[in-house]
Structure formats: structure tokens, C-alpha cells
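One structure below.
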Amino acid sequence: MSDAASRPIGVFDSGIGGLTVVAELMRQLPGEEIVYFGDTARLPYGPKSEDTVKQFAVQDTEFLLSHGVKIVVVACNTASSVAVDDLTRRYDLPVTGVIAPGALAAVSSTLIGKVGVIGTEGTIASHAYRREIGKLDRDIEILEMSCPLFVPLAEEGWTDREVTLVIAHEYLTPLRDAGIDVVVLGCTHYPILKGTIGKVFGPSVKLIDSAEETAREVAERLSSLGLARGPGAPPEHRFFVSDVPHRFREQAERFLGAPLPNVSLVTVDELATP
Ligand code: DGL
């Protein structure tokens, strides 16, 4: 195994939601080591301006680079929507966001050419999924809807409460009535609410989980670049957040499906601005 291949995968997100991507990376690439940074001091990224999110994304990436990562995975949909091209130009290592893999899965899944995309205000305003889907198939009709209340509901653990279903109906009924057959869960938190979202759409609408598709793309990129970690000692993952690590640890199990042993604090002041 080359030196480069033995280095960790870097993953960043605005906070806890990126753990849904980490869970998939651990499932699909169990031998890989992960360094995770969750910017809990500055979340949510969803309602923030493009410039602010781009600036945070650079600082988050610099932090991961300081841990010698071999690839950067932008787990946050909002940051992926506005910052991946920027990061790819700026850094001499592979950068993978969640938008292109999710778009590809949507295009290959729709049978009628009518796709829904749901996400934060930032993701929907950027039309990043619309652009990526359009590059693959210009004839697909795309309906977009921001669902900002889903993030706090998922963080609160209100995954199958009545109120969550009422809110989901409010946001999603226009998409359902428009007759889409695929919907992209374009936010780290939405896979947690899959059950409720599925109740609104019914079984004929396929839900695309960007996390699964992203982990698949990371696996392919690492292997095509000769960067896949070979057999060796079991991986030791490291988790960092910019505020209240104990809250992150408490919520982690819901997003990761397993408890986190330890989470370290790195304050925003310690993040480098290049
Ligand atoms: N991680 C964000 C995303 O996937 C959701 C939470 C936030 O707004 O920061 O868009």
C-alpha cells in the first residue's frame, strides 16, 4: 500500500448531518480511516449566503488537510452546491461533493423524466441539482422545494412524530401532486426522515439518498486513483467539531447508527484562513 493510500478520507459538514455520509463510507469502505470535521459553531449553513458558505468550506478543507487527508468529501449539500468547484480549483487533491452522485442516481432512476429535489434554502436557491441533472439529461423536468424545518426536526429526533408528518405534507404535497417518480433527498438530514417523507409520497416515488451514492463515488475515485487503502490495522476514525462536542456525541448515534467514542474540539479561531 502506498503512503498516499494509507492516509485518511477527510469529510466535512456544517455539523452532525454529514455523519449520514460517514455511515455509508464506513459501510462501503470499512477499511478506510476517516477524519471528520463538523462546523457546529457556525451551523446551519442552509440559510447563509453563498460567499459565507464558500469561505467556511475553505477553512473546513484547510483543517482536514492539516490532518493529511487523501481526498476531501464535502458531505454538506449546501456547501457542495456552492463550493466544490472552488475547492477543486484551489487544491491539488480530489474533492467530492454530494450533488453530482445524487443527480446521477436520480437520472438513472426516473422512468417518466420527472424528478423532485428537496434541500435547504441555500441548496435550492443555487439550483445545483438542476444544473447537474440537466448536464446528464436536458429533457428531465425538475421540481425543487426547500424544506428548512426538516433540519431541526431531524436533530431533535422527531423522526416519526405527527407534527413532522404534518410539516412534510405541507412541503411535499405540491411535488407529489405534480406526479414526480423520483425525489432527491438533497440534505444530509433528510435520510433520517425517510420514513415520514416516504409516507407523503407513497411507494411509487423513489427516494434518492445522496449519502449512498456519494460513498459509491468515493470508492470508485479512490480505486481509480490507486488511493484505496489495502488491508492493515483496523481504521481509527477521528471526529472534530467547532463547538459543544458533548451534544454532537449525544446526537451522533441517530445519524451514524453507532455511538462515537470521542469527539475533539477545534475552535473557529484555530481554523486557518489561507
Ligand atoms: N448539512 C446541511 C446540508 O446538507 C444541512 C444543515 C445546515 O443547514 O447546515 O445542506
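Each chain in the C-alpha cells gets a letter, A, B and so on, in the order shown; residues start at 1 in every chain, and ligands are counted from 1 in the order they appear.
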Note to self: ligand 1: which residues are within 9 Å, counting only C-alpha atoms and all ligand atoms? Reply as number ranges by chain.
What the structure shows: A: 13-18, 39-40, 42-48, 75-81, 98, 119-123, 148, 151-152, 186-190
List every residue of segment 115-205 of chain A that DSSP, applied to the backbone of this structure, places in strand (DSSP E), and write the result as a PDB file with N, CA and C atoms, in the first residue's frame.
ATOM      1  N   VAL A 115     -38.443  14.695 -11.889  1.00  0.00           N
ATOM      2  CA  VAL A 115     -37.677  14.485 -10.654  1.00  0.00           C
ATOM      3  C   VAL A 115     -37.915  15.629  -9.675  1.00  0.00           C
ATOM      4  N   GLY A 116     -38.101  15.309  -8.409  1.00  0.00           N
ATOM      5  CA  GLY A 116     -38.185  16.322  -7.356  1.00  0.00           C
ATOM      6  C   GLY A 116     -36.846  16.430  -6.645  1.00  0.00           C
ATOM      7  N   VAL A 117     -36.508  17.640  -6.207  1.00  0.00           N
ATOM      8  CA  VAL A 117     -35.288  17.842  -5.414  1.00  0.00           C
ATOM      9  C   VAL A 117     -35.693  18.617  -4.174  1.00  0.00           C
ATOM     10  N   ILE A 118     -35.339  18.100  -2.989  1.00  0.00           N
ATOM     11  CA  ILE A 118     -35.616  18.858  -1.765  1.00  0.00           C
ATOM     12  C   ILE A 118     -34.300  19.105  -1.025  1.00  0.00           C
ATOM     13  N   GLY A 119     -34.195  20.264  -0.363  1.00  0.00           N
ATOM     14  CA  GLY A 119     -32.953  20.618   0.316  1.00  0.00           C
ATOM     15  C   GLY A 119     -33.134  21.885   1.136  1.00  0.00           C
ATOM     16  N   GLU A 141     -37.712  16.935 -16.367  1.00  0.00           N
ATOM     17  CA  GLU A 141     -38.391  18.050 -15.686  1.00  0.00           C
ATOM     18  C   GLU A 141     -38.019  17.990 -14.208  1.00  0.00           C
ATOM     19  N   ILE A 142     -37.658  19.148 -13.644  1.00  0.00           N
ATOM     20  CA  ILE A 142     -37.174  19.155 -12.255  1.00  0.00           C
ATOM     21  C   ILE A 142     -38.016  20.118 -11.421  1.00  0.00           C
ATOM     22  N   LEU A 143     -38.493  19.627 -10.292  1.00  0.00           N
ATOM     23  CA  LEU A 143     -39.253  20.485  -9.375  1.00  0.00           C
ATOM     24  C   LEU A 143     -38.479  20.579  -8.070  1.00  0.00           C
ATOM     25  N   GLU A 144     -38.236  21.811  -7.604  1.00  0.00           N
ATOM     26  CA  GLU A 144     -37.400  21.989  -6.415  1.00  0.00           C
ATOM     27  C   GLU A 144     -38.208  22.572  -5.248  1.00  0.00           C
ATOM     28  N   MET A 145     -37.861  22.152  -4.043  1.00  0.00           N
ATOM     29  CA  MET A 145     -38.573  22.663  -2.865  1.00  0.00           C
ATOM     30  C   MET A 145     -37.625  22.694  -1.663  1.00  0.00           C
ATOM     31  N   SER A 146     -37.511  23.865  -1.025  1.00  0.00           N
ATOM     32  CA  SER A 146     -36.709  23.888   0.203  1.00  0.00           C
ATOM     33  C   SER A 146     -37.598  23.511   1.386  1.00  0.00           C
ATOM     34  N   VAL A 182     -39.369  10.307  -8.759  1.00  0.00           N
ATOM     35  CA  VAL A 182     -38.106  10.222  -8.019  1.00  0.00           C
ATOM     36  C   VAL A 182     -37.943  11.518  -7.238  1.00  0.00           C
ATOM     37  N   VAL A 183     -37.462  11.416  -6.000  1.00  0.00           N
ATOM     38  CA  VAL A 183     -37.134  12.642  -5.272  1.00  0.00           C
ATOM     39  C   VAL A 183     -35.743  12.501  -4.653  1.00  0.00           C
ATOM     40  N   VAL A 184     -34.914  13.535  -4.876  1.00  0.00           N
ATOM     41  CA  VAL A 184     -33.568  13.531  -4.307  1.00  0.00           C
ATOM     42  C   VAL A 184     -33.628  14.128  -2.901  1.00  0.00           C
ATOM     43  N   LEU A 185     -33.149  13.374  -1.918  1.00  0.00           N
ATOM     44  CA  LEU A 185     -33.070  13.884  -0.539  1.00  0.00           C
ATOM     45  C   LEU A 185     -31.792  14.723  -0.470  1.00  0.00           C
ATOM     46  N   GLY A 186     -31.897  15.979  -0.890  1.00  0.00           N
ATOM     47  CA  GLY A 186     -30.720  16.824  -1.079  1.00  0.00           C
ATOM     48  C   GLY A 186     -30.255  17.554   0.157  1.00  0.00           C
TER      49      GLY A 186
END
If we count only C-alpha atoms and set the cut-off at 12 Å, which residues sit around Ile112 of chain A, ignoring sequence neighbours fewer than 5 positions away in its own chain? Please answer as a PDB file with N, CA and C atoms, in the first residue's frame.
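For reference, around_32.pdb as written:
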ATOM      1  N   ALA A 106     -30.515  10.050  -9.639  1.00  0.00           N
ATOM      2  CA  ALA A 106     -31.877  10.491  -9.982  1.00  0.00           C
ATOM      3  C   ALA A 106     -32.153  10.246 -11.457  1.00  0.00           C
ATOM      4  N   VAL A 107     -31.183  10.595 -12.294  1.00  0.00           N
ATOM      5  CA  VAL A 107     -31.371  10.439 -13.746  1.00  0.00           C
ATOM      6  C   VAL A 107     -31.525   8.962 -14.100  1.00  0.00           C
ATOM      7  N   ASP A 139     -33.809  16.771 -20.927  1.00  0.00           N
ATOM      8  CA  ASP A 139     -35.261  16.641 -21.051  1.00  0.00           C
ATOM      9  C   ASP A 139     -35.966  16.354 -19.735  1.00  0.00           C
ATOM     10  N   ILE A 140     -35.204  16.147 -18.688  1.00  0.00           N
ATOM     11  CA  ILE A 140     -35.859  15.815 -17.408  1.00  0.00           C
ATOM     12  C   ILE A 140     -36.469  17.075 -16.790  1.00  0.00           C
ATOM     13  N   GLU A 141     -37.712  16.935 -16.367  1.00  0.00           N
ATOM     14  CA  GLU A 141     -38.391  18.050 -15.686  1.00  0.00           C
ATOM     15  C   GLU A 141     -38.019  17.990 -14.208  1.00  0.00           C
ATOM     16  N   ILE A 142     -37.658  19.148 -13.644  1.00  0.00           N
ATOM     17  CA  ILE A 142     -37.174  19.155 -12.255  1.00  0.00           C
ATOM     18  C   ILE A 142     -38.016  20.118 -11.421  1.00  0.00           C
ATOM     19  N   GLY A 179     -46.716  14.736  -9.747  1.00  0.00           N
ATOM     20  CA  GLY A 179     -46.527  13.432 -10.397  1.00  0.00           C
ATOM     21  C   GLY A 179     -45.076  13.038 -10.646  1.00  0.00           C
ATOM     22  N   ILE A 180     -44.152  13.492  -9.771  1.00  0.00           N
ATOM     23  CA  ILE A 180     -42.760  13.030  -9.920  1.00  0.00           C
ATOM     24  C   ILE A 180     -42.679  11.535  -9.577  1.00  0.00           C
ATOM     25  N   ASP A 181     -41.641  10.843 -10.100  1.00  0.00           N
ATOM     26  CA  ASP A 181     -41.476   9.438  -9.677  1.00  0.00           C
ATOM     27  C   ASP A 181     -40.177   9.217  -8.905  1.00  0.00           C
ATOM     28  N   VAL A 182     -39.369  10.307  -8.759  1.00  0.00           N
ATOM     29  CA  VAL A 182     -38.106  10.222  -8.019  1.00  0.00           C
ATOM     30  C   VAL A 182     -37.943  11.518  -7.238  1.00  0.00           C
ATOM     31  N   SER A 204     -44.765   4.653  -4.867  1.00  0.00           N
ATOM     32  CA  SER A 204     -44.411   4.771  -6.286  1.00  0.00           C
ATOM     33  C   SER A 204     -43.315   5.816  -6.537  1.00  0.00           C
ATOM     34  N   VAL A 205     -42.929   6.562  -5.496  1.00  0.00           N
ATOM     35  CA  VAL A 205     -41.865   7.567  -5.676  1.00  0.00           C
ATOM     36  C   VAL A 205     -40.583   7.061  -5.007  1.00  0.00           C
ATOM     37  N   LYS A 206     -39.517   6.998  -5.789  1.00  0.00           N
ATOM     38  CA  LYS A 206     -38.248   6.507  -5.258  1.00  0.00           C
ATOM     39  C   LYS A 206     -37.489   7.636  -4.568  1.00  0.00           C
TER      40      LYS A 206
END
Next on the checklist: I need the alpha helix (DSSP H) residues of segment 96-162 of chain A per DSSP on the backbone, written as JSON, numbers by chain.
Outcome noted: {"A": [99, 100, 101, 102, 103, 104, 105, 106, 107, 108, 109, 121, 122, 123, 124, 125, 126, 128, 129, 130, 131, 132, 133, 134, 135, 136, 150, 151, 152, 153, 154, 155, 156, 162]}
Shortest contact to Lys114 of chain A, candidates A:Ile71, A:Ala258, A:Ile133, A:Ile99, atoms counted only C-alpha atoms, goes to A:Ile133
Exercise for the section: Using only C-alpha atoms, determine which residues lie at most 12 Å from Asp92 of chain A, disregarding the query and same-chain residues fewer than 6 positions distant; provide the list as a list of chain:residue names. Expected result: A:Thr61, A:Leu65, A:Val69, A:Lys70, A:Ile71, A:Val72, A:Asp86
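We find atom CA of Pro261 of chain A and atom CA of Gly68 of chain A to be spaced 21.6 Å apart.
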Of A:Leu19, A:Leu25, A:Ile167, A:Leu265, the one sitting nearest Glu220 of chain A when using only C-alpha atoms is A:Leu25
Residue with the minimum atom-to-atom distance to Gly113 of chain A, picked from A:Leu136, A:Leu256, A:Leu225, A:Cys147 with only C-alpha atoms counted, is A:Leu136
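In this model, the gap between atom CA of Thr110 of chain A and atom CA of Ile124 of chain A comes to 19.8 Å.
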